[in-house]
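Student: What follows is my_file.pdb; its format and atoms are PDB, C-alpha atoms and all ligand atoms.
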MODEL        1
ATOM      1  CA  MET A 556     -16.919 -49.614  34.599
ATOM      2  CA  THR A 557     -16.923 -48.008  38.033
ATOM      3  CA  MET A 558     -18.577 -45.090  39.764
ATOM      4  CA  ASN A 559     -15.221 -43.250  39.405
ATOM      5  CA  ASP A 560     -15.526 -43.380  35.590
ATOM      6  CA  PHE A 561     -19.047 -42.016  35.920
ATOM      7  CA  HIS A 562     -17.947 -39.152  38.189
ATOM      8  CA  ALA A 563     -15.076 -38.264  35.831
ATOM      9  CA  LEU A 564     -17.498 -37.916  32.905
ATOM     10  CA  ALA A 565     -20.008 -36.053  35.112
ATOM     11  CA  LYS A 566     -17.324 -33.451  35.890
ATOM     12  CA  GLN A 567     -16.427 -33.160  32.200
ATOM     13  CA  VAL A 568     -19.997 -32.525  30.987
ATOM     14  CA  ARG A 569     -21.294 -30.445  33.933
ATOM     15  CA  ASN A 570     -22.823 -27.141  32.804
ATOM     16  CA  TRP A 571     -23.575 -25.723  36.251
ATOM     17  CA  GLY A 572     -23.092 -21.957  36.370
ATOM     18  CA  ARG A 573     -22.589 -21.731  32.589
ATOM     19  CA  TRP A 574     -25.748 -19.629  32.142
ATOM     20  CA  GLY A 575     -25.768 -18.148  35.654
ATOM     21  CA  SER A 576     -26.431 -19.535  39.099
ATOM     22  CA  ASP A 577     -30.204 -19.021  38.768
ATOM     23  CA  ASP A 578     -30.550 -20.686  35.354
ATOM     24  CA  GLU A 579     -33.333 -23.269  35.042
ATOM     25  CA  LEU A 580     -33.233 -23.790  31.252
ATOM     26  CA  GLY A 581     -29.960 -25.668  30.972
ATOM     27  CA  ALA A 582     -28.993 -26.767  27.465
ATOM     28  CA  LEU A 583     -32.156 -25.186  26.022
ATOM     29  CA  ASN A 584     -30.117 -21.956  26.297
ATOM     30  CA  TYR A 585     -28.319 -23.131  23.158
ATOM     31  CA  ILE A 586     -31.514 -22.418  21.200
ATOM     32  CA  THR A 587     -31.006 -18.853  19.976
ATOM     33  CA  ALA A 588     -33.321 -16.656  17.878
ATOM     34  CA  GLN A 589     -31.003 -17.438  14.939
ATOM     35  CA  LYS A 590     -31.578 -21.153  15.533
ATOM     36  CA  VAL A 591     -35.359 -20.717  15.473
ATOM     37  CA  ILE A 592     -35.100 -18.809  12.173
ATOM     38  CA  GLN A 593     -32.846 -21.552  10.743
ATOM     39  CA  SER A 594     -35.312 -24.253  11.787
ATOM     40  CA  ALA A 595     -38.238 -22.468  10.107
ATOM     41  CA  GLY A 596     -36.205 -22.502   6.865
ATOM     42  CA  LEU A 597     -36.196 -26.308   6.970
ATOM     43  CA  VAL A 598     -39.903 -26.438   6.106
ATOM     44  CA  ARG A 599     -39.722 -27.176   2.383
ATOM     45  CA  LYS A 600     -42.471 -29.574   1.368
ATOM     46  CA  GLY A 601     -45.246 -28.953   3.909
ATOM     47  CA  THR A 602     -45.184 -32.406   5.503
ATOM     48  CA  VAL A 603     -46.320 -32.444   9.143
ATOM     49  CA  LEU A 604     -45.364 -35.541  11.124
ATOM     50  CA  PRO A 605     -46.907 -35.852  14.615
ATOM     51  CA  LEU A 606     -44.646 -37.857  16.924
ATOM     52  CA  GLY A 607     -47.003 -38.566  19.836
ATOM     53  CA  LEU A 608     -48.272 -41.989  20.910
ATOM     54  CA  ASP A 609     -51.967 -42.394  21.726
ATOM     55  CA  LEU A 610     -53.069 -41.504  25.271
ATOM     56  CA  SER A 611     -55.022 -44.655  26.004
ATOM     57  CA  PRO A 612     -55.500 -47.416  28.590
ATOM     58  CA  THR A 613     -53.608 -49.698  26.187
ATOM     59  CA  GLY A 614     -50.573 -47.390  26.121
ATOM     60  CA  PRO A 615     -46.906 -48.263  26.624
ATOM     61  CA  GLN A 616     -46.882 -48.574  30.420
ATOM     62  CA  GLY A 617     -46.511 -52.034  31.965
ATOM     63  CA  GLU A 618     -46.771 -53.197  35.547
ATOM     64  CA  LEU A 619     -44.988 -50.309  37.322
ATOM     65  CA  LEU A 620     -47.155 -49.051  40.179
ATOM     66  CA  PHE A 621     -45.653 -45.571  39.979
ATOM     67  CA  ARG A 622     -46.512 -45.165  36.288
ATOM     68  CA  ARG A 623     -49.715 -46.430  34.730
ATOM     69  CA  ASN A 624     -51.524 -45.899  31.455
ATOM     70  CA  PRO A 625     -54.031 -43.033  31.357
ATOM     71  CA  THR A 626     -57.649 -43.348  32.433
ATOM     72  CA  HIS A 627     -60.133 -41.422  30.320
ATOM     73  CA  VAL A 628     -63.493 -40.612  31.907
ATOM     74  CA  MET A 629     -66.590 -38.978  30.421
ATOM     75  CA  THR A 630     -68.015 -36.298  32.727
ATOM     76  CA  VAL A 631     -70.981 -35.417  30.466
ATOM     77  CA  ASP A 632     -72.327 -37.502  27.625
ATOM     78  CA  GLY A 633     -75.561 -37.938  25.740
ATOM     79  CA  GLY A 634     -76.966 -40.245  28.397
ATOM     80  CA  ASP A 635     -76.925 -37.457  30.963
ATOM     81  CA  VAL A 636     -79.569 -35.415  29.142
ATOM     82  CA  ASN A 637     -81.126 -37.895  26.713
ATOM     83  CA  ALA A 638     -81.916 -40.672  29.210
ATOM     84  CA  PRO A 639     -85.658 -41.118  29.811
ATOM     85  CA  ALA A 640     -86.635 -39.291  32.988
ATOM     86  CA  ASP A 641     -87.866 -42.481  34.685
ATOM     87  CA  LEU A 642     -84.676 -44.444  33.941
ATOM     88  CA  TRP A 643     -82.755 -43.613  37.089
ATOM     89  CA  PRO A 644     -84.609 -43.803  40.390
ATOM     90  CA  GLY A 645     -83.422 -40.868  42.496
ATOM     91  CA  TRP A 646     -82.262 -39.037  39.373
ATOM     92  CA  SER A 647     -83.735 -35.783  40.614
ATOM     93  CA  ALA A 648     -81.529 -36.018  43.723
ATOM     94  CA  ASN A 649     -78.427 -36.199  41.532
ATOM     95  CA  GLY A 650     -76.633 -32.864  41.687
ATOM     96  CA  LEU A 651     -74.992 -33.219  38.275
ATOM     97  CA  ALA A 652     -78.314 -34.076  36.591
ATOM     98  CA  GLN A 653     -79.931 -31.042  38.228
ATOM     99  CA  GLU A 654     -77.033 -28.849  37.190
ATOM    100  CA  LEU A 655     -77.183 -30.074  33.592
ATOM    101  CA  GLY A 656     -80.968 -29.751  33.513
ATOM    102  CA  ALA A 657     -80.777 -26.168  34.743
ATOM    103  CA  PHE A 658     -77.895 -25.425  32.384
ATOM    104  CA  MET A 659     -79.338 -26.734  29.134
ATOM    105  CA  GLY A 660     -82.730 -28.277  29.814
ATOM    106  CA  LYS A 661     -84.699 -25.843  27.651
ATOM    107  CA  ASP A 662     -81.883 -25.016  25.258
ATOM    108  CA  ILE A 663     -81.036 -26.719  21.968
ATOM    109  CA  LEU A 664     -77.401 -27.006  23.111
ATOM    110  CA  ARG A 665     -76.187 -30.467  23.979
ATOM    111  CA  PHE A 666     -72.526 -31.293  24.772
ATOM    112  CA  ASN A 667     -70.070 -33.971  25.861
ATOM    113  CA  ASP A 668     -67.194 -33.371  28.319
ATOM    114  CA  ASP A 669     -64.413 -35.551  29.604
ATOM    115  CA  MET A 670     -61.368 -35.701  31.813
ATOM    116  CA  ILE A 671     -58.159 -37.655  31.831
ATOM    117  CA  ILE A 672     -56.266 -39.014  34.836
ATOM    118  CA  MET A 673     -52.701 -39.704  33.885
ATOM    119  CA  HIS A 674     -49.088 -39.814  34.921
ATOM    120  CA  THR A 675     -47.297 -36.959  33.203
ATOM    121  CA  GLN A 676     -44.770 -39.476  31.840
ATOM    122  CA  ALA A 677     -47.227 -42.191  30.821
ATOM    123  CA  ALA A 678     -46.695 -41.781  27.077
ATOM    124  CA  THR A 679     -44.866 -39.335  24.766
ATOM    125  CA  GLN A 680     -43.241 -36.922  27.202
ATOM    126  CA  TRP A 681     -40.539 -34.492  28.219
ATOM    127  CA  ASP A 682     -38.554 -35.185  31.387
ATOM    128  CA  ALA A 683     -38.115 -31.896  33.251
ATOM    129  CA  LEU A 684     -34.651 -31.201  34.684
ATOM    130  CA  SER A 685     -36.180 -31.815  38.120
ATOM    131  CA  HIS A 686     -36.936 -35.444  37.191
ATOM    132  CA  VAL A 687     -33.671 -37.030  38.443
ATOM    133  CA  TYR A 688     -30.845 -36.230  40.849
ATOM    134  CA  TYR A 689     -28.054 -37.751  42.926
ATOM    135  CA  ASP A 690     -26.066 -36.610  45.970
ATOM    136  CA  GLY A 691     -29.003 -34.383  46.950
ATOM    137  CA  GLN A 692     -28.562 -32.012  44.010
ATOM    138  CA  MET A 693     -30.268 -31.399  40.694
ATOM    139  CA  TYR A 694     -29.039 -29.397  37.683
ATOM    140  CA  ASN A 695     -27.157 -26.191  38.564
ATOM    141  CA  GLY A 696     -26.815 -27.313  42.178
ATOM    142  CA  PHE A 697     -30.468 -26.810  43.083
ATOM    143  CA  GLY A 698     -31.286 -28.881  46.172
ATOM    144  CA  ALA A 699     -33.413 -31.993  45.861
ATOM    145  CA  ASP A 700     -35.461 -30.465  48.710
ATOM    146  CA  THR A 701     -36.807 -27.808  46.307
ATOM    147  CA  VAL A 702     -39.091 -30.525  44.926
ATOM    148  CA  THR A 703     -41.849 -31.061  47.496
ATOM    149  CA  SER A 704     -45.292 -32.637  47.592
ATOM    150  CA  GLN A 705     -46.458 -29.351  46.036
ATOM    151  CA  GLY A 706     -44.249 -29.887  42.983
ATOM    152  CA  ALA A 707     -40.885 -28.655  41.702
ATOM    153  CA  PHE A 708     -40.208 -25.115  42.907
ATOM    154  CA  ARG A 709     -37.028 -25.265  40.832
ATOM    155  CA  LEU A 710     -36.630 -26.753  37.348
ATOM    156  CA  GLY A 711     -40.353 -27.419  36.868
ATOM    157  CA  ILE A 712     -41.368 -28.259  33.299
ATOM    158  CA  GLU A 713     -43.196 -24.925  32.903
ATOM    159  CA  LYS A 714     -39.803 -23.176  32.951
ATOM    160  CA  ALA A 715     -38.813 -24.949  29.705
ATOM    161  CA  ASP A 716     -41.730 -23.260  27.964
ATOM    162  CA  ALA A 717     -39.593 -20.115  27.677
ATOM    163  CA  LYS A 718     -37.910 -21.850  24.710
ATOM    164  CA  GLY A 719     -41.003 -23.140  23.038
ATOM    165  CA  ILE A 720     -39.629 -25.828  22.838
ATOM    166  CA  THR A 721     -38.773 -25.437  19.160
ATOM    167  CA  SER A 722     -35.549 -25.732  17.180
ATOM    168  CA  ARG A 723     -33.840 -27.604  14.370
ATOM    169  CA  GLY A 724     -34.493 -31.314  14.820
ATOM    170  CA  VAL A 725     -32.078 -33.970  13.555
ATOM    171  CA  LEU A 726     -33.032 -37.640  13.304
ATOM    172  CA  LEU A 727     -30.386 -40.330  13.820
ATOM    173  CA  ASP A 728     -31.808 -43.613  12.561
ATOM    174  CA  VAL A 729     -30.148 -46.493  14.439
ATOM    175  CA  VAL A 730     -32.655 -48.997  13.054
ATOM    176  CA  ARG A 731     -31.765 -48.437   9.419
ATOM    177  CA  HIS A 732     -28.061 -48.011  10.168
ATOM    178  CA  ARG A 733     -27.973 -51.420  11.871
ATOM    179  CA  GLY A 734     -30.148 -52.944   9.165
ATOM    180  CA  ASP A 735     -32.728 -54.147  11.690
ATOM    181  CA  GLU A 736     -36.181 -53.084  10.505
ATOM    182  CA  LEU A 737     -38.057 -53.931  13.689
ATOM    183  CA  ALA A 738     -35.950 -52.917  16.682
ATOM    184  CA  ALA A 739     -32.340 -52.391  17.540
ATOM    185  CA  ALA A 740     -31.417 -55.113  20.050
ATOM    186  CA  HIS A 741     -31.434 -54.401  23.773
ATOM    187  CA  GLY A 742     -27.958 -54.609  25.306
ATOM    188  CA  ARG A 743     -26.170 -53.427  22.158
ATOM    189  CA  THR A 744     -25.904 -49.903  23.530
ATOM    190  CA  ILE A 745     -25.458 -46.958  21.198
ATOM    191  CA  LEU A 746     -21.938 -45.577  21.614
ATOM    192  CA  PRO A 747     -20.583 -42.169  20.503
ATOM    193  CA  ASP A 748     -18.716 -43.561  17.481
ATOM    194  CA  GLU A 749     -21.945 -45.084  16.177
ATOM    195  CA  LEU A 750     -23.740 -41.731  16.513
ATOM    196  CA  SER A 751     -20.956 -40.106  14.442
ATOM    197  CA  ALA A 752     -21.108 -42.912  11.866
ATOM    198  CA  ILE A 753     -24.895 -42.580  11.529
ATOM    199  CA  ALA A 754     -24.719 -38.796  11.123
ATOM    200  CA  GLU A 755     -22.007 -39.182   8.479
ATOM    201  CA  ALA A 756     -23.896 -41.904   6.597
ATOM    202  CA  GLN A 757     -27.029 -39.745   6.616
ATOM    203  CA  GLY A 758     -25.066 -36.667   5.479
ATOM    204  CA  VAL A 759     -26.203 -34.547   8.408
ATOM    205  CA  GLU A 760     -24.287 -32.571  11.026
ATOM    206  CA  VAL A 761     -25.385 -32.057  14.595
ATOM    207  CA  GLY A 762     -24.634 -28.615  16.007
ATOM    208  CA  SER A 763     -25.319 -26.124  18.759
ATOM    209  CA  GLY A 764     -28.990 -25.760  19.696
ATOM    210  CA  ASP A 765     -30.163 -28.825  17.778
ATOM    211  CA  ILE A 766     -32.636 -31.291  19.246
ATOM    212  CA  VAL A 767     -31.527 -34.823  18.378
ATOM    213  CA  LEU A 768     -34.088 -37.625  17.927
ATOM    214  CA  VAL A 769     -32.789 -41.195  18.071
ATOM    215  CA  HIS A 770     -34.815 -43.906  16.312
ATOM    216  CA  THR A 771     -34.366 -47.334  17.948
ATOM    217  CA  GLY A 772     -37.574 -48.957  16.675
ATOM    218  CA  TRP A 773     -39.165 -49.469  20.116
ATOM    219  CA  ALA A 774     -42.333 -47.403  19.562
ATOM    220  CA  GLY A 775     -42.938 -48.836  16.083
ATOM    221  CA  ARG A 776     -42.590 -52.383  17.385
ATOM    222  CA  PHE A 777     -44.886 -51.582  20.331
ATOM    223  CA  ARG A 778     -47.580 -50.198  18.022
ATOM    224  CA  GLN A 779     -47.310 -53.185  15.665
ATOM    225  CA  THR A 780     -47.107 -56.033  18.178
ATOM    226  CA  GLY A 781     -47.753 -54.639  21.692
ATOM    227  CA  ASP A 782     -44.261 -55.807  22.723
ATOM    228  CA  LYS A 783     -42.977 -53.678  25.629
ATOM    229  CA  SER A 784     -39.656 -55.422  26.198
ATOM    230  CA  PRO A 785     -36.561 -53.181  26.097
ATOM    231  CA  ALA A 786     -34.842 -52.188  22.864
ATOM    232  CA  ALA A 787     -31.410 -50.657  22.486
ATOM    233  CA  GLY A 788     -30.755 -47.231  23.934
ATOM    234  CA  LEU A 789     -27.906 -44.818  24.295
ATOM    235  CA  ASP A 790     -24.806 -45.739  26.220
ATOM    236  CA  TRP A 791     -23.966 -43.313  29.048
ATOM    237  CA  ARG A 792     -20.576 -42.656  27.427
ATOM    238  CA  SER A 793     -22.440 -40.871  24.626
ATOM    239  CA  ALA A 794     -23.260 -37.987  27.022
ATOM    240  CA  ALA A 795     -19.915 -36.454  25.989
ATOM    241  CA  TRP A 796     -20.966 -36.547  22.300
ATOM    242  CA  PHE A 797     -24.050 -34.420  23.021
ATOM    243  CA  HIS A 798     -22.063 -32.114  25.314
ATOM    244  CA  GLU A 799     -19.368 -31.441  22.688
ATOM    245  CA  ARG A 800     -21.990 -30.582  20.068
ATOM    246  CA  GLU A 801     -23.992 -28.342  22.446
ATOM    247  CA  VAL A 802     -27.187 -30.274  21.799
ATOM    248  CA  ALA A 803     -30.230 -28.549  23.364
ATOM    249  CA  ALA A 804     -32.327 -31.671  24.059
ATOM    250  CA  LEU A 805     -32.397 -35.362  23.220
ATOM    251  CA  ALA A 806     -35.415 -37.554  22.509
ATOM    252  CA  ALA A 807     -35.869 -41.192  21.562
ATOM    253  CA  ASP A 808     -38.656 -43.597  20.688
ATOM    254  CA  ASN A 809     -37.821 -46.002  23.525
ATOM    255  CA  THR A 810     -38.917 -45.914  27.161
ATOM    256  CA  GLY A 811     -35.954 -44.061  28.655
ATOM    257  CA  VAL A 812     -33.525 -42.814  25.931
ATOM    258  CA  GLU A 813     -30.691 -44.865  27.425
ATOM    259  CA  ASP A 814     -30.287 -48.628  27.346
ATOM    260  CA  VAL A 815     -31.363 -50.017  30.702
ATOM    261  CA  ALA A 816     -28.344 -52.367  30.585
ATOM    262  CA  SER A 817     -25.997 -50.119  32.592
ATOM    263  CA  ASP A 818     -22.499 -51.512  33.219
ATOM    264  CA  ILE A 819     -21.938 -49.400  36.351
ATOM    265  CA  PRO A 820     -22.936 -51.313  39.504
ATOM    266  CA  GLY A 821     -25.184 -49.172  41.714
ATOM    267  CA  ASN A 822     -26.024 -46.726  38.931
ATOM    268  CA  MET A 823     -28.971 -47.959  36.856
ATOM    269  CA  LEU A 824     -29.622 -44.823  34.759
ATOM    270  CA  PRO A 825     -26.235 -43.093  34.390
ATOM    271  CA  MET A 826     -27.169 -41.316  31.131
ATOM    272  CA  HIS A 827     -30.173 -39.699  32.854
ATOM    273  CA  LEU A 828     -27.969 -38.439  35.667
ATOM    274  CA  LEU A 829     -25.239 -37.136  33.354
ATOM    275  CA  CYS A 830     -27.590 -35.423  30.912
ATOM    276  CA  LEU A 831     -30.398 -34.065  33.065
ATOM    277  CA  ARG A 832     -28.560 -33.430  36.323
ATOM    278  CA  ASP A 833     -25.034 -32.535  35.174
ATOM    279  CA  MET A 834     -25.520 -31.147  31.645
ATOM    280  CA  GLY A 835     -29.015 -29.729  32.138
ATOM    281  CA  MET A 836     -30.184 -31.424  28.922
ATOM    282  CA  SER A 837     -33.790 -32.654  28.921
ATOM    283  CA  PHE A 838     -34.919 -36.027  27.608
ATOM    284  CA  GLY A 839     -37.945 -36.755  25.454
ATOM    285  CA  GLU A 840     -39.116 -40.344  25.799
ATOM    286  CA  LEU A 841     -41.584 -42.584  23.977
ATOM    287  CA  TRP A 842     -41.660 -40.349  20.896
ATOM    288  CA  ASP A 843     -42.986 -42.324  17.937
ATOM    289  CA  LEU A 844     -40.363 -41.757  15.249
ATOM    290  CA  THR A 845     -41.567 -44.466  12.833
ATOM    291  CA  ALA A 846     -43.207 -42.231  10.209
ATOM    292  CA  LEU A 847     -40.523 -39.552  10.513
ATOM    293  CA  ALA A 848     -37.770 -42.138   9.986
ATOM    294  CA  ALA A 849     -39.557 -43.496   6.902
ATOM    295  CA  ASP A 850     -39.957 -39.988   5.503
ATOM    296  CA  CYS A 851     -36.277 -39.148   6.116
ATOM    297  CA  ALA A 852     -35.164 -42.411   4.469
ATOM    298  CA  ALA A 853     -37.378 -41.641   1.462
ATOM    299  CA  ASP A 854     -36.188 -38.079   0.808
ATOM    300  CA  GLY A 855     -32.695 -38.329   2.333
ATOM    301  CA  VAL A 856     -33.327 -35.239   4.496
ATOM    302  CA  TYR A 857     -32.710 -35.833   8.196
ATOM    303  CA  GLU A 858     -33.236 -32.251   9.455
ATOM    304  CA  PHE A 859     -36.550 -30.467  10.065
ATOM    305  CA  GLN A 860     -38.329 -27.926  12.167
ATOM    306  CA  LEU A 861     -39.274 -29.477  15.486
ATOM    307  CA  VAL A 862     -42.125 -27.944  17.472
ATOM    308  CA  ALA A 863     -42.397 -29.631  20.862
ATOM    309  CA  PRO A 864     -43.955 -27.463  23.586
ATOM    310  CA  PRO A 865     -44.499 -29.055  26.992
ATOM    311  CA  LEU A 866     -47.755 -28.329  28.820
ATOM    312  CA  ARG A 867     -47.507 -25.549  31.393
ATOM    313  CA  ILE A 868     -47.793 -27.910  34.357
ATOM    314  CA  VAL A 869     -46.578 -25.643  37.155
ATOM    315  CA  GLY A 870     -44.031 -27.573  39.210
ATOM    316  CA  GLY A 871     -44.338 -30.621  36.941
ATOM    317  CA  VAL A 872     -41.348 -32.949  36.713
ATOM    318  CA  GLY A 873     -42.493 -34.081  33.281
ATOM    319  CA  SER A 874     -45.082 -33.270  30.653
ATOM    320  CA  PRO A 875     -47.005 -35.150  27.988
ATOM    321  CA  LEU A 876     -46.920 -33.650  24.492
ATOM    322  CA  ASN A 877     -47.545 -34.354  20.827
ATOM    323  CA  PRO A 878     -44.355 -33.090  19.125
ATOM    324  CA  LEU A 879     -44.434 -32.109  15.451
ATOM    325  CA  ALA A 880     -41.640 -32.584  12.931
ATOM    326  CA  ILE A 881     -42.291 -30.275   9.973
ATOM    327  CA  LYS A 882     -40.437 -30.729   6.681
TER     328      LYS A 882
HETATM  329  C1  LIG A 901     -37.232 -43.005  35.478
HETATM  330  O1  LIG A 901     -38.097 -43.855  35.478
HETATM  331  C2  LIG A 901     -36.443 -42.676  36.685
HETATM  332  O2  LIG A 901     -36.923 -42.304  34.395
HETATM  333  P1  LIG A 901     -37.531 -42.242  32.910
HETATM  334  O3  LIG A 901     -38.977 -42.502  32.898
HETATM  335  O4  LIG A 901     -37.213 -40.843  32.520
HETATM  336  O5  LIG A 901     -36.788 -43.235  32.074
ENDMDL
END
Give the structure from this file in C-alpha cells form.
Tutor:
Amino acid sequence: MTMNDFHALAKQVRNWGRWGSDDELGALNYITAQKVIQSAGLVRKGTVLPLGLDLSPTGPQGELLFRRNPTHVMTVDGGDVNAPADLWPGWSANGLAQELGAFMGKDILRFNDDMIIMHTQAATQWDALSHVYYDGQMYNGFGADTVTSQGAFRLGIEKADAKGITSRGVLLDVVRHRGDELAAAHGRTILPDELSAIAEAQGVEVGSGDIVLVHTGWAGRFRQTGDKSPAAGLDWRSAAWFHEREVAALAADNTGVEDVASDIPGNMLPMHLLCLRDMGMSFGELWDLTALAADCAADGVYEFQLVAPPLRIVGGVGSPLNPLAIK
C-alpha cells in the first residue's frame, strides 16, 4: 500500500466542517439526547463492569521514555504525626511537620494524603483529538501550532466532556470470533469484513452515535502473564467502516487500537491519523474488556450503557479514566 491509498481514504472519511468550522467535538456530535436515552434503556440486570486497568508502577508501559508507568507518592501518612518526637533529628525544622503539628497536633483528627505523577496516557485512557496530526493540521483544520508547551488550546480533552462521554456501547469480540482465548495474533490485522462478520455473529448492529469497543485479548493477557508484546489491532482500512456507521468513538483493550504492523511505508499509525485527525473520532486505549467480554458471551447481549467521562484536564491531549459498562 502507498501513501496515495492513505490520502484517498483520508479524503473519503474527512469530517472537517461537518459540524461547523469551530467544532472541537468531532464524531462525538453523533451522540444525541435520543442516543443517551436509548443507552440508559440498555441497563437491564444491574451489572456494573469497570473497564479500567490499575494505575500502578507495574502498569502496561514498557521502556518508552516519553510514557512511563505512574508513580504514587504519600504526602501525609501515619508516620508524619505518630513518629516519636525524638526519631528525626531536625524534625522541628521541617516545615511539613510543623504545618501538620499546627494543623492537627491537639485534635483527634488524623489523615493520610497522596499524589500521583503520571502520563495522561499511561494506562486506560482517551486520546484527545489533539493527540496526533500530519501536514501541520489536526482535526477540522486546526493548526498543530495551537498545541503549545501550555497545552492544547484547540481540541483539548476537556472539550470532549460536553458529551459526557456516555452513549450506547457495543462490544466486538475478536478473541472469541477467532477462537483464540488468550490474544488475537499480532500482524493479523482486523479488517472491515471481519468487523461486519463479528457484529453479525453476535447479532448486534452498530449505528450512529455508538461507541464501539474491540476486544483483542491484550489487556487480559497482560494482567494474567505481564506480557506486553503486541496483539492484533485494527487495520487502517477499517476507518471507512466506522465512518459509514457514524461511530462516535472507538476503544480497544490493546495499546493503540490499531495493529502496529502498518503496511504503508513512512506511516506507522495510519488508523490514528485517519480517525483522530481526519474523522475527528477519539480513541480509547488500554481498556480492560476481559470481564465485559465474558459477560457478553454468557448472556448473548453485546450492547450496554457506556459511561466514560475523561478528566477535565484543561489543554490535555489525553486523559486517564475508569470507564463503566452497565448492563
Ligand atoms: C502514540 O503513541 C502516538 O499514540 P497512542 O498512544 O495513542 O497509540
Student: Throw together the list of residues within 9 Å of ligand LIG 901 (chain A), counting all atoms listed in the file, and drop it here as a list in words.
Tutor: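 Protein and nucleic-acid residues within 9 Å of ligand LIG 901 (chain A): Phe621, Arg622, Gln676, Ala677, Gln680, Trp681, Asp682, His686, Val687, Thr810, Gly811, Val812, Glu813, Val815, Leu824, His827, Phe838, Gly839, Glu840 and Gly873 of chain A.
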Student: Quick one: which residues end up in the PyMOL selection byres (((chain A and resi 850-861) around 7) and not hetatm) for this structure, as a PyMOL selection string?
Tutor: chain A and resi 594-595+597-598+721-726+759+846-849+862-863+879-882
Student: If you measure from CA of Gly711 in chain A to CA of Ala816 in chain A, what distance in Å do you get, rounded to one decimal?
Tutor: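 Result for CA of Gly711 in chain A versus CA of Ala816 in chain A: 28.4 Å, one decimal.
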Student: Run the PyMOL selection byres (((chain A and resi 694) around 6) and not hetatm) on the file and write out the hits as a list in words.
Tutor: Met693, Asn695, Gly696, Arg832, Asp833 and Gly835 of chain A
Student: Between CA of Pro864 in chain A and CA of Leu684 in chain A, measure the distance and give it in Å to one decimal.
Tutor: 15.0 Å
Student: Residues picked by the PyMOL selection byres (((chain A and resi 743-747) around 7) and not hetatm) here, as a VMD selection string?
Tutor: chain A and resid 740 to 742 748 to 751 787 to 790 792 to 793 796 814
Student: Any chance you could export the current selection's C-alpha atoms as a CSV table (one decimal), in the frame of the given file?
Tutor:
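Wrote again_6.csv, looks like this:
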chain,number,residue,atom,x,y,z
A,740,ALA,CA,-31.4,-55.1,20.0
A,741,HIS,CA,-31.4,-54.4,23.8
A,742,GLY,CA,-28.0,-54.6,25.3
A,748,ASP,CA,-18.7,-43.6,17.5
A,749,GLU,CA,-21.9,-45.1,16.2
A,750,LEU,CA,-23.7,-41.7,16.5
A,751,SER,CA,-21.0,-40.1,14.4
A,787,ALA,CA,-31.4,-50.7,22.5
A,788,GLY,CA,-30.8,-47.2,23.9
A,789,LEU,CA,-27.9,-44.8,24.3
A,790,ASP,CA,-24.8,-45.7,26.2
A,792,ARG,CA,-20.6,-42.7,27.4
A,793,SER,CA,-22.4,-40.9,24.6
A,796,TRP,CA,-21.0,-36.5,22.3
A,814,ASP,CA,-30.3,-48.6,27.3
Student: Would you mind reading off the distance between CA of Thr587 in chain A and CA of Ile720 in chain A, one decimal, in Å?
Tutor: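 Atom-to-atom, CA of Thr587 in chain A and CA of Ile720 in chain A are spaced 11.5 Å apart.
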Student: Which polymer residues have any atom within 12 Å of an atom of range 668-673 of chain A, counting only C-alpha atoms, with same-chain residues fewer than 2 positions away left out, as an NGL selection string?
Tutor: :A and (610-612 or 614 or 616 or 621-635 or 655 or 665-666 or 675-678 or 680 or 873-875)
Student: Quick test: take range 566-590 of chain A, keep C-alpha atoms, and write it as a compact mmCIF listing (two decimals), in the first residue's frame.
Tutor:
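Final output, saved to decode19.txt:
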# COMPACT_ATOMS: atom_id res chain seq x y z
CA LYS A 566 -10.32 12.37 1.84
CA GLN A 567 -13.22 9.91 1.93
CA VAL A 568 -13.58 9.87 5.73
CA ARG A 569 -12.73 13.53 6.48
CA ASN A 570 -15.41 15.23 8.59
CA TRP A 571 -13.90 18.72 8.61
CA GLY A 572 -16.57 21.42 8.53
CA ARG A 573 -19.39 18.88 9.01
CA TRP A 574 -20.36 20.37 12.39
CA GLY A 575 -19.04 23.88 11.70
CA SER A 576 -15.60 25.37 11.33
CA ASP A 577 -15.22 25.88 15.10
CA ASP A 578 -16.26 22.35 16.10
CA GLU A 579 -13.96 20.59 18.57
CA LEU A 580 -16.16 17.55 19.36
CA GLY A 581 -15.86 15.70 16.08
CA ALA A 582 -17.69 12.37 15.90
CA LEU A 583 -18.96 12.80 19.47
CA ASN A 584 -21.55 15.07 17.80
CA TYR A 585 -23.28 11.86 16.72
CA ILE A 586 -24.28 11.32 20.36
CA THR A 587 -27.72 12.93 20.56
CA ALA A 588 -30.08 13.25 23.55
CA GLN A 589 -32.08 10.41 21.97
CA LYS A 590 -28.95 8.25 21.96
